[in-house]
$ cat run09.cif   # mmCIF, C-alpha atoms
data_upload
#
loop_
_atom_site.group_PDB
_atom_site.id
_atom_site.type_symbol
_atom_site.label_atom_id
_atom_site.label_comp_id
_atom_site.auth_asym_id
_atom_site.auth_seq_id
_atom_site.Cartn_x
_atom_site.Cartn_y
_atom_site.Cartn_z
ATOM 1 C CA MET A 1 215.526 58.362 21.657
ATOM 2 C CA THR A 2 215.752 54.843 22.996
ATOM 3 C CA ASN A 3 216.311 54.695 26.726
ATOM 4 C CA ASN A 4 219.679 53.678 28.073
ATOM 5 C CA ILE A 5 218.477 50.575 29.884
ATOM 6 C CA ASP A 6 217.127 49.050 26.669
ATOM 7 C CA ILE A 7 220.415 49.737 24.905
ATOM 8 C CA TYR A 8 222.515 48.140 27.628
ATOM 9 C CA LEU A 9 220.094 45.247 27.933
ATOM 10 C CA THR A 10 220.304 44.559 24.190
ATOM 11 C CA ILE A 11 224.096 44.675 24.131
ATOM 12 C CA PHE A 12 224.267 42.501 27.238
ATOM 13 C CA GLY A 13 221.992 39.937 25.598
ATOM 14 C CA MET A 14 224.041 40.019 22.396
ATOM 15 C CA GLY A 15 227.197 39.356 24.407
ATOM 16 C CA ILE A 16 225.694 36.479 26.345
ATOM 17 C CA VAL A 17 224.339 34.651 23.279
ATOM 18 C CA THR A 18 227.596 35.230 21.405
ATOM 19 C CA TYR A 19 229.680 33.766 24.220
ATOM 20 C CA LEU A 20 227.239 30.842 24.283
ATOM 21 C CA THR A 21 227.962 30.169 20.600
ATOM 22 C CA ARG A 22 231.678 30.255 21.391
ATOM 23 C CA ILE A 23 231.535 27.770 24.253
ATOM 24 C CA SER A 24 228.633 25.446 23.416
ATOM 25 C CA GLY A 25 230.284 23.447 20.614
ATOM 26 C CA PHE A 26 233.372 23.006 22.760
ATOM 27 C CA TYR A 27 231.333 22.126 25.851
ATOM 28 C CA ILE A 28 229.213 19.532 24.078
ATOM 29 C CA SER A 29 232.011 17.739 22.256
ATOM 30 C CA ASP A 30 234.098 17.854 25.448
ATOM 31 C CA LYS A 31 231.262 16.166 27.377
ATOM 32 C CA ILE A 32 230.519 13.420 24.860
ATOM 33 C CA SER A 33 232.817 10.651 26.015
ATOM 34 C CA SER A 34 232.456 8.391 23.012
ATOM 35 C CA MET A 35 231.638 10.170 19.809
ATOM 36 C CA PRO A 36 230.322 8.063 16.928
ATOM 37 C CA PRO A 37 233.249 7.425 14.550
ATOM 38 C CA TRP A 38 231.590 9.164 11.600
ATOM 39 C CA LEU A 39 231.188 12.350 13.664
ATOM 40 C CA GLU A 40 234.775 12.207 14.801
ATOM 41 C CA GLN A 41 235.861 11.844 11.163
ATOM 42 C CA ALA A 42 233.558 14.671 10.092
ATOM 43 C CA LEU A 43 235.112 17.013 12.666
ATOM 44 C CA LYS A 44 238.511 16.437 11.081
ATOM 45 C CA TYR A 45 237.241 17.990 7.862
ATOM 46 C CA ILE A 46 235.738 21.018 9.631
ATOM 47 C CA PRO A 47 238.771 23.355 9.763
ATOM 48 C CA GLY A 48 239.483 23.191 6.031
ATOM 49 C CA THR A 49 235.858 23.229 4.917
ATOM 50 C CA ILE A 50 234.953 26.170 7.172
ATOM 51 C CA ILE A 51 237.762 28.274 5.767
ATOM 52 C CA VAL A 52 236.883 27.290 2.188
ATOM 53 C CA SER A 53 233.242 28.186 2.900
ATOM 54 C CA ILE A 54 234.322 31.617 4.144
ATOM 55 C CA ILE A 55 236.485 32.319 1.083
ATOM 56 C CA ALA A 56 234.497 30.887 -1.849
ATOM 57 C CA PRO A 57 231.538 33.328 -1.802
ATOM 58 C CA GLN A 58 233.892 36.307 -1.327
ATOM 59 C CA ILE A 59 235.854 35.309 -4.396
ATOM 60 C CA ILE A 60 232.826 34.625 -6.586
ATOM 61 C CA SER A 61 230.864 37.735 -5.584
ATOM 62 C CA GLY A 62 233.767 40.019 -6.504
ATOM 63 C CA GLY A 63 233.782 38.840 -10.117
ATOM 64 C CA VAL A 64 236.820 38.501 -12.341
ATOM 65 C CA ASN A 65 238.967 40.799 -10.168
ATOM 66 C CA THR A 66 238.691 38.713 -7.023
ATOM 67 C CA MET A 67 239.047 35.482 -8.984
ATOM 68 C CA ILE A 68 242.336 36.602 -10.484
ATOM 69 C CA ALA A 69 243.564 38.014 -7.160
ATOM 70 C CA GLY A 70 242.487 34.781 -5.450
ATOM 71 C CA LEU A 71 244.550 32.677 -7.838
ATOM 72 C CA ILE A 72 247.551 34.947 -7.351
ATOM 73 C CA CYS A 73 247.144 34.600 -3.567
ATOM 74 C CA ILE A 74 247.139 30.807 -3.825
ATOM 75 C CA GLY A 75 250.397 31.057 -5.783
ATOM 76 C CA ALA A 76 251.837 33.486 -3.239
ATOM 77 C CA ALA A 77 250.801 31.220 -0.357
ATOM 78 C CA LEU A 78 252.601 28.230 -1.874
ATOM 79 C CA LEU A 79 255.629 30.344 -2.746
ATOM 80 C CA PHE A 80 256.150 32.482 0.369
ATOM 81 C CA LYS A 81 254.556 30.392 3.112
ATOM 82 C CA ASN A 82 254.166 33.665 5.007
ATOM 83 C CA LEU A 83 250.916 35.311 6.098
ATOM 84 C CA VAL A 84 252.002 38.931 5.780
ATOM 85 C CA ALA A 85 253.492 38.362 2.321
ATOM 86 C CA VAL A 86 250.248 36.811 1.077
ATOM 87 C CA MET A 87 248.159 39.552 2.669
ATOM 88 C CA VAL A 88 250.235 42.278 1.019
ATOM 89 C CA THR A 89 250.157 40.437 -2.309
ATOM 90 C CA GLY A 90 246.371 40.201 -2.101
ATOM 91 C CA VAL A 91 245.798 43.851 -1.203
ATOM 92 C CA VAL A 92 248.211 45.167 -3.835
ATOM 93 C CA THR A 93 246.840 42.877 -6.557
ATOM 94 C CA ILE A 94 243.201 43.700 -5.898
ATOM 95 C CA SER A 95 243.948 47.440 -5.714
ATOM 96 C CA ILE A 96 245.714 47.366 -9.055
ATOM 97 C CA LEU A 97 242.934 45.338 -10.640
ATOM 98 C CA ARG A 98 240.159 47.544 -9.267
ATOM 99 C CA ASN A 99 241.757 50.910 -9.919
ATOM 100 C CA PHE A 100 243.757 50.505 -13.083
ATOM 101 C CA ILE A 101 242.396 47.592 -15.005
ATOM 102 C CA ILE A 102 238.771 47.706 -15.943
ATOM 103 C CA LEU A 103 237.398 44.248 -16.381
ATOM 104 C CA ILE A 104 233.856 43.430 -17.313
ATOM 105 C CA MET B 1 249.419 21.770 24.729
ATOM 106 C CA ASP B 2 250.797 24.239 27.192
ATOM 107 C CA PHE B 3 249.520 27.658 28.167
ATOM 108 C CA SER B 4 252.079 30.269 29.120
ATOM 109 C CA LEU B 5 252.514 34.025 29.131
ATOM 110 C CA GLN B 6 255.250 33.711 26.503
ATOM 111 C CA GLY B 7 252.875 31.696 24.342
ATOM 112 C CA PHE B 8 250.197 34.332 24.785
ATOM 113 C CA ILE B 9 252.612 37.070 23.731
ATOM 114 C CA LYS B 10 253.656 35.047 20.687
ATOM 115 C CA GLY B 11 250.026 34.734 19.677
ATOM 116 C CA PHE B 12 249.495 38.433 20.312
ATOM 117 C CA LYS B 13 252.368 39.357 17.994
ATOM 118 C CA ALA B 14 251.113 36.966 15.320
ATOM 119 C CA GLY B 15 247.788 38.792 15.421
ATOM 120 C CA LEU B 16 249.308 42.225 14.696
ATOM 121 C CA PRO B 17 249.182 42.133 10.871
ATOM 122 C CA ILE B 18 245.580 40.896 10.975
ATOM 123 C CA ALA B 19 244.791 43.621 13.525
ATOM 124 C CA PHE B 20 245.375 46.313 10.896
ATOM 125 C CA GLY B 21 242.600 44.916 8.736
ATOM 126 C CA VAL B 22 240.368 44.545 11.786
ATOM 127 C CA ALA B 23 240.995 48.182 12.795
ATOM 128 C CA SER B 24 239.759 49.537 9.479
ATOM 129 C CA TYR B 25 236.459 47.751 9.993
ATOM 130 C CA GLY B 26 236.341 48.789 13.648
ATOM 131 C CA LEU B 27 236.565 52.395 12.502
ATOM 132 C CA VAL B 28 233.640 51.880 10.150
ATOM 133 C CA PHE B 29 231.664 50.174 12.926
ATOM 134 C CA GLY B 30 232.365 53.053 15.314
ATOM 135 C CA ILE B 31 231.078 55.574 12.775
ATOM 136 C CA LEU B 32 227.961 53.515 12.017
ATOM 137 C CA SER B 33 227.207 53.039 15.701
ATOM 138 C CA LYS B 34 227.366 56.794 16.277
ATOM 139 C CA GLN B 35 225.027 57.374 13.350
ATOM 140 C CA ALA B 36 222.651 54.742 14.739
ATOM 141 C CA GLY B 37 222.397 56.752 17.950
ATOM 142 C CA LEU B 38 224.826 54.888 20.199
ATOM 143 C CA ASP B 39 227.271 56.894 22.279
ATOM 144 C CA ILE B 40 230.902 55.895 22.724
ATOM 145 C CA PHE B 41 230.202 53.913 25.914
ATOM 146 C CA HIS B 42 227.523 51.838 24.219
ATOM 147 C CA ALA B 43 229.784 51.199 21.239
ATOM 148 C CA LEU B 44 232.736 50.224 23.430
ATOM 149 C CA PHE B 45 230.557 48.018 25.576
ATOM 150 C CA MET B 46 229.351 46.230 22.453
ATOM 151 C CA SER B 47 232.782 45.811 20.897
ATOM 152 C CA THR B 48 234.328 44.482 24.109
ATOM 153 C CA PHE B 49 231.445 42.400 25.411
ATOM 154 C CA VAL B 50 230.122 40.994 22.119
ATOM 155 C CA PHE B 51 233.345 41.192 20.082
ATOM 156 C CA ALA B 52 231.901 39.698 16.906
ATOM 157 C CA GLY B 53 232.140 42.035 13.938
ATOM 158 C CA ALA B 54 229.644 40.600 11.477
ATOM 159 C CA SER B 55 226.862 40.386 14.056
ATOM 160 C CA GLN B 56 227.581 43.917 15.296
ATOM 161 C CA PHE B 57 227.202 45.287 11.775
ATOM 162 C CA VAL B 58 223.942 43.388 11.345
ATOM 163 C CA ALA B 59 222.718 44.809 14.669
ATOM 164 C CA MET B 60 223.391 48.357 13.418
ATOM 165 C CA ASP B 61 221.183 47.615 10.406
ATOM 166 C CA ILE B 62 218.208 46.845 12.627
ATOM 167 C CA TRP B 63 218.987 49.368 15.398
ATOM 168 C CA ILE B 64 215.806 51.465 15.239
ATOM 169 C CA THR B 65 213.403 53.172 17.635
ATOM 170 C CA PRO B 66 211.719 51.517 19.449
ATOM 171 C CA LEU B 67 214.597 49.111 19.868
ATOM 172 C CA PRO B 68 213.689 45.540 18.824
ATOM 173 C CA VAL B 69 215.625 44.078 21.757
ATOM 174 C CA LEU B 70 214.760 40.423 21.303
ATOM 175 C CA THR B 71 215.050 40.490 17.506
ATOM 176 C CA ILE B 72 218.566 41.897 17.731
ATOM 177 C CA ILE B 73 219.622 39.320 20.322
ATOM 178 C CA ILE B 74 218.215 36.384 18.332
ATOM 179 C CA THR B 75 219.717 37.673 15.084
ATOM 180 C CA THR B 76 223.093 37.967 16.812
ATOM 181 C CA PHE B 77 222.852 34.349 17.908
ATOM 182 C CA VAL B 78 221.998 33.163 14.391
ATOM 183 C CA VAL B 79 224.812 35.146 12.768
ATOM 184 C CA ASN B 80 227.305 33.724 15.263
ATOM 185 C CA MET B 81 226.162 30.103 15.113
ATOM 186 C CA ARG B 82 229.233 29.192 13.066
ATOM 187 C CA HIS B 83 231.241 29.558 16.303
ATOM 188 C CA ILE B 84 229.557 26.410 17.616
ATOM 189 C CA LEU B 85 231.189 24.342 14.911
ATOM 190 C CA MET B 86 234.511 26.135 15.354
ATOM 191 C CA GLY B 87 234.477 25.444 19.078
ATOM 192 C CA ALA B 88 233.634 21.775 18.583
ATOM 193 C CA VAL B 89 236.970 21.084 16.888
ATOM 194 C CA LEU B 90 238.958 22.809 19.643
ATOM 195 C CA VAL B 91 238.546 20.096 22.285
ATOM 196 C CA GLU B 92 241.649 18.137 21.321
ATOM 197 C CA LYS B 93 243.567 21.367 20.646
ATOM 198 C CA LEU B 94 242.915 22.906 24.070
ATOM 199 C CA ASN B 95 243.526 19.596 25.781
ATOM 200 C CA GLY B 96 245.730 19.961 28.849
ATOM 201 C CA LEU B 97 244.636 23.487 29.638
ATOM 202 C CA THR B 98 242.754 24.270 32.839
ATOM 203 C CA ARG B 99 239.024 24.850 32.516
ATOM 204 C CA PHE B 100 239.566 28.558 33.126
ATOM 205 C CA GLN B 101 242.230 28.765 30.409
ATOM 206 C CA GLN B 102 239.941 26.944 27.973
ATOM 207 C CA TYR B 103 236.892 29.141 28.565
ATOM 208 C CA PHE B 104 239.048 32.272 28.688
ATOM 209 C CA SER B 105 240.510 31.321 25.281
ATOM 210 C CA LEU B 106 237.056 30.658 23.842
ATOM 211 C CA PHE B 107 236.010 34.243 24.539
ATOM 212 C CA PHE B 108 238.616 35.289 21.956
ATOM 213 C CA LEU B 109 237.305 32.955 19.254
ATOM 214 C CA VAL B 110 236.657 34.942 16.087
ATOM 215 C CA ASP B 111 236.986 33.703 12.499
ATOM 216 C CA GLU B 112 240.529 35.009 12.108
ATOM 217 C CA SER B 113 241.989 33.968 15.476
ATOM 218 C CA TRP B 114 240.392 30.535 15.144
ATOM 219 C CA ALA B 115 241.608 29.952 11.574
ATOM 220 C CA TYR B 116 245.120 31.133 12.424
ATOM 221 C CA SER B 117 245.415 28.946 15.539
ATOM 222 C CA ILE B 118 243.932 25.848 13.890
ATOM 223 C CA ASN B 119 246.384 26.229 11.017
ATOM 224 C CA LYS B 120 249.317 26.392 13.434
ATOM 225 C CA TRP B 121 248.106 23.554 15.643
ATOM 226 C CA GLU B 122 247.405 21.229 12.708
ATOM 227 C CA ASN B 123 250.979 21.855 11.621
ATOM 228 C CA GLY B 124 252.494 20.785 14.928
ATOM 229 C CA ASN B 125 252.507 23.956 17.018
ATOM 230 C CA LYS B 126 252.047 23.202 20.748
ATOM 231 C CA ASN B 127 251.248 26.694 21.973
ATOM 232 C CA GLY B 128 247.898 26.412 23.764
ATOM 233 C CA ALA B 129 247.744 30.174 24.342
ATOM 234 C CA LEU B 130 247.705 30.929 20.624
ATOM 235 C CA LEU B 131 243.950 31.439 20.310
ATOM 236 C CA ALA B 132 243.807 33.702 23.374
ATOM 237 C CA GLY B 133 246.892 35.684 22.328
ATOM 238 C CA THR B 134 245.876 36.221 18.709
ATOM 239 C CA GLY B 135 242.300 36.922 19.734
ATOM 240 C CA ALA B 136 243.350 39.422 22.418
ATOM 241 C CA CYS B 137 245.343 41.355 19.840
ATOM 242 C CA LEU B 138 242.312 41.560 17.548
ATOM 243 C CA PHE B 139 240.144 42.418 20.567
ATOM 244 C CA ILE B 140 242.261 45.466 21.452
ATOM 245 C CA SER B 141 242.391 46.567 17.834
ATOM 246 C CA TRP B 142 238.608 46.179 17.500
ATOM 247 C CA ALA B 143 237.927 48.102 20.732
ATOM 248 C CA LEU B 144 240.318 50.992 20.056
ATOM 249 C CA SER B 145 239.176 51.446 16.458
ATOM 250 C CA THR B 146 235.516 51.327 17.542
ATOM 251 C CA ALA B 147 236.222 54.164 19.985
ATOM 252 C CA ALA B 148 238.104 56.125 17.326
ATOM 253 C CA GLY B 149 235.246 55.696 14.844
ATOM 254 C CA SER B 150 232.690 56.762 17.424
ATOM 255 C CA ILE B 151 234.678 59.921 18.230
ATOM 256 C CA LEU B 152 235.095 60.646 14.526
ATOM 257 C CA GLY B 153 231.351 60.187 14.195
ATOM 258 C CA SER B 154 231.110 60.628 10.477
ATOM 259 C CA GLY B 155 233.113 60.072 7.390
ATOM 260 C CA ASN B 156 232.949 58.085 4.248
ATOM 261 C CA LEU B 157 235.320 55.234 4.865
ATOM 262 C CA ASP B 158 235.289 52.292 2.530
ATOM 263 C CA PRO B 159 237.903 49.650 3.366
ATOM 264 C CA ALA B 160 237.167 48.007 0.009
ATOM 265 C CA LYS B 161 238.540 51.098 -1.734
ATOM 266 C CA TRP B 162 241.984 50.231 -0.386
ATOM 267 C CA GLY B 163 241.646 46.526 -0.970
ATOM 268 C CA ILE B 164 241.433 45.875 2.763
ATOM 269 C CA ASP B 165 238.323 43.737 2.326
ATOM 270 C CA PHE B 166 240.482 41.418 0.260
ATOM 271 C CA ALA B 167 243.179 41.311 2.965
ATOM 272 C CA PHE B 168 240.905 38.935 4.861
ATOM 273 C CA THR B 169 240.288 36.784 1.796
ATOM 274 C CA ALA B 170 244.066 36.611 1.268
ATOM 275 C CA ILE B 171 244.639 35.641 4.911
ATOM 276 C CA PHE B 172 242.067 32.853 4.712
ATOM 277 C CA ILE B 173 243.525 31.614 1.411
ATOM 278 C CA PHE B 174 246.937 31.414 3.052
ATOM 279 C CA LEU B 175 245.494 29.562 6.068
ATOM 280 C CA ALA B 176 243.575 27.141 3.822
ATOM 281 C CA THR B 177 246.670 26.159 1.841
ATOM 282 C CA GLY B 178 248.354 25.335 5.147
ATOM 283 C CA LEU B 179 245.520 22.969 6.055
ATOM 284 C CA TRP B 180 245.572 21.089 2.741
ATOM 285 C CA GLN B 181 246.485 17.490 3.445
ATOM 286 C CA GLY B 182 246.374 16.086 -0.052
ATOM 287 C CA LYS B 183 243.923 14.641 -2.532
ATOM 288 C CA LYS B 184 241.444 13.396 0.052
ATOM 289 C CA ASP B 185 240.589 17.020 0.830
ATOM 290 C CA LEU B 186 239.738 17.855 -2.778
ATOM 291 C CA ILE B 187 236.121 16.690 -3.022
ATOM 292 C CA PRO B 188 235.096 17.864 0.491
ATOM 293 C CA TRP B 189 236.573 21.304 -0.232
ATOM 294 C CA VAL B 190 234.910 21.581 -3.637
ATOM 295 C CA VAL B 191 231.551 20.556 -2.165
ATOM 296 C CA ALA B 192 232.015 23.089 0.678
ATOM 297 C CA ALA B 193 232.809 25.849 -1.834
ATOM 298 C CA ILE B 194 229.838 25.084 -4.097
ATOM 299 C CA VAL B 195 227.331 24.797 -1.243
ATOM 300 C CA ALA B 196 228.689 27.967 0.408
ATOM 301 C CA ILE B 197 228.384 29.926 -2.834
ATOM 302 C CA ILE B 198 224.821 28.746 -3.488
ATOM 303 C CA VAL B 199 223.658 29.360 0.092
ATOM 304 C CA SER B 200 225.340 32.778 0.256
ATOM 305 C CA GLN B 201 223.290 33.862 -2.750
ATOM 306 C CA THR B 202 219.998 32.450 -1.513
ATOM 307 C CA PHE B 203 220.025 33.036 2.271
ATOM 308 C CA PRO B 204 220.946 36.181 4.174
ATOM 309 C CA GLY B 205 223.500 36.245 6.967
ATOM 310 C CA LYS B 206 226.216 33.721 7.622
ATOM 311 C CA TRP B 207 224.336 30.460 7.038
ATOM 312 C CA TYR B 208 226.636 29.726 4.109
ATOM 313 C CA ILE B 209 229.619 29.051 6.382
ATOM 314 C CA LEU B 210 227.733 26.470 8.427
ATOM 315 C CA SER B 211 226.071 24.815 5.433
ATOM 316 C CA GLY B 212 229.211 24.717 3.302
ATOM 317 C CA SER B 213 231.377 23.205 5.979
ATOM 318 C CA ILE B 214 228.791 20.653 7.138
ATOM 319 C CA ALA B 215 228.094 19.554 3.539
ATOM 320 C CA GLY B 216 231.810 19.311 2.737
ATOM 321 C CA SER B 217 232.694 17.429 5.909
ATOM 322 C CA LEU B 218 229.867 14.906 5.577
ATOM 323 C CA THR B 219 230.861 14.334 1.952
ATOM 324 C CA GLY B 220 234.375 13.610 3.151
ATOM 325 C CA VAL B 221 233.107 11.019 5.602
ATOM 326 C CA LEU B 222 230.847 9.401 2.993
ATOM 327 C CA ILE B 223 233.489 8.975 0.318
ATOM 328 C CA HIS B 224 236.620 8.314 2.347
ATOM 329 C CA ASP B 225 235.811 6.951 5.750
ATOM 330 C CA LYS B 226 232.950 4.535 5.182
#
$ encode --input "run09.cif" --output "structure tokens"
Amino acid sequence: MTNNIDIYLTIFGMGIVTYLTRISGFYISDKISSMPPWLEQALKYIPGTIIVSIIAPQIISGGVNTMIAGLICIGAALLFKNLVAVMVTGVVTISILRNFIILI
Amino acid sequence: MDFSLQGFIKGFKAGLPIAFGVASYGLVFGILSKQAGLDIFHALFMSTFVFAGASQFVAMDIWITPLPVLTIIITTFVVNMRHILMGAVLVEKLNGLTRFQQYFSLFFLVDESWAYSINKWENGNKNGALLAGTGACLFISWALSTAAGSILGSGNLDPAKWGIDFAFTAIFIFLATGLWQGKKDLIPWVVAAIVAIIVSQTFPGKWYILSGSIAGSLTGVLIHDK
């Protein structure tokens, strides 16, 4: 049995380093008074490219099912323009595909 | 940007649907933490003080006796490094808030609260309390479900069985379509996707998010802004 102090120390350390990751990017780019133009431009692409980087591996690793459900979600997003509607569409579609349709 | 209680509540409400997905994973985390030998106070302390799902799951994987304290802390940092990039783009968004409001909001930065707020702000929303409000909603959901899972202690829960894993993919797809600004995004996004896929299959952890987005963004600068 690990002693309590080690457990709390570990969790405390995890919390501190995690908060550091949350504030350091903000702190640094807040402090830099004149950012080089290329960096400023690059930051404008970050929101979209981060989200795409989160999604792409999830869709590919799930095979045909997630690819089909992903396409349907893109359609639903353009059609409904509503987060809950797209979420429900995604969950229902993937459940149907996984449970009732067996794809290779 | 303004920061008000009403704005915070609006953000909180917007987080509710996402909070359901978060809760199912919180339940799983609570169960795993119990099985790894943590009691409910440890688990709650972790979920409220760290509040970063992916890194907490990774920590449970390497939670052994004797406890590799430093390894777990360093691993947590590496898994959460993507936050650095996410925070860097928030400077202009949290402009006009007091320092306390800014650093309070940043505590609630998780993938989902960040993506949701950025999407809204890029589309003209002026609610500076969005990140804090949405994040606080997910925070409460994560904490309560962690406690519930720890009390439950065992059980074979698989969110994927109900398609809940894909709820997050669907949410991010929705948020991405709202950030699409036309053809100039095409090549950066494709590069980000390809790099993320390759890195996710060759490196463990969350490196793929950082590498994909950096590669995509630099490509954008090279082809459009030179």
$ atom_distance --input "run09.cif" --atom1 "atom CA of Ile171 of chain B" --atom2 "atom CA of Ser61 of chain A"
17.4 Å
$ interface_residues --input "run09.cif" --of "chain A" --to "chain B" --cutoff "7 Å" --atoms "all atoms listed in the file" --output "PyMOL selection string"
chain A and resi 1-2+10-11+13-15+17-19+21-26+29-30+38+41-43+45-46+48-57+73-74+77+83-84+86-87+90-91+94-95
$ write_last_selection --input "run09.cif" --atoms "C-alpha atoms" --output "compact mmCIF listing (two decimals), in the frame of the given file"
# COMPACT_ATOMS: atom_id res chain seq x y z
CA MET A 1 215.53 58.36 21.66
CA THR A 2 215.75 54.84 23.00
CA THR A 10 220.30 44.56 24.19
CA ILE A 11 224.10 44.68 24.13
CA GLY A 13 221.99 39.94 25.60
CA MET A 14 224.04 40.02 22.40
CA GLY A 15 227.20 39.36 24.41
CA VAL A 17 224.34 34.65 23.28
CA THR A 18 227.60 35.23 21.40
CA TYR A 19 229.68 33.77 24.22
CA THR A 21 227.96 30.17 20.60
CA ARG A 22 231.68 30.26 21.39
CA ILE A 23 231.54 27.77 24.25
CA SER A 24 228.63 25.45 23.42
CA GLY A 25 230.28 23.45 20.61
CA PHE A 26 233.37 23.01 22.76
CA SER A 29 232.01 17.74 22.26
CA ASP A 30 234.10 17.85 25.45
CA TRP A 38 231.59 9.16 11.60
CA GLN A 41 235.86 11.84 11.16
CA ALA A 42 233.56 14.67 10.09
CA LEU A 43 235.11 17.01 12.67
CA TYR A 45 237.24 17.99 7.86
CA ILE A 46 235.74 21.02 9.63
CA GLY A 48 239.48 23.19 6.03
CA THR A 49 235.86 23.23 4.92
CA ILE A 50 234.95 26.17 7.17
CA ILE A 51 237.76 28.27 5.77
CA VAL A 52 236.88 27.29 2.19
CA SER A 53 233.24 28.19 2.90
CA ILE A 54 234.32 31.62 4.14
CA ILE A 55 236.48 32.32 1.08
CA ALA A 56 234.50 30.89 -1.85
CA PRO A 57 231.54 33.33 -1.80
CA CYS A 73 247.14 34.60 -3.57
CA ILE A 74 247.14 30.81 -3.82
CA ALA A 77 250.80 31.22 -0.36
CA LEU A 83 250.92 35.31 6.10
CA VAL A 84 252.00 38.93 5.78
CA VAL A 86 250.25 36.81 1.08
CA MET A 87 248.16 39.55 2.67
CA GLY A 90 246.37 40.20 -2.10
CA VAL A 91 245.80 43.85 -1.20
CA ILE A 94 243.20 43.70 -5.90
CA SER A 95 243.95 47.44 -5.71
$ closest_residue --input "run09.cif" --among "B:Asn123, B:Thr202, B:Ser150, B:Ser113" --to "Gly15 of chain B" --atoms "all atoms listed in the file"
B:Ser113
$ atom_distance --input "run09.cif" --atom1 "atom CA of Asp39 of chain B" --atom2 "atom CA of Ser154 of chain B"
13.0 Å
$ atom_distance --input "run09.cif" --atom1 "atom CA of Ser145 of chain B" --atom2 "atom CA of Ile31 of chain B"
9.8 Å
$ residues_around --input "run09.cif" --residues "Val64 of chain A" --least-positions-apart "2" --cutoff "12 Å" --atoms "all atoms listed in the file" --output "list in words"
Gln58, Ile59, Ile60, Ser61, Gly62, Thr66, Met67, Ile68, Ala69, Gly70, Leu71, Ile94, Leu97, Arg98, Ile101, Ile102, Leu103 and Ile104 of chain A
$ resolve_selection --input "run09.cif" --expression "the PyMOL selection byres ((chain B and resi 25-29) around 9)" --output "count of residues only"
33
$ closest_residue --input "run09.cif" --among "B:Gly7, B:Ile151, B:Cys137, B:Leu131" --to "Ile40 of chain B" --atoms "all atoms listed in the file"
B:Ile151
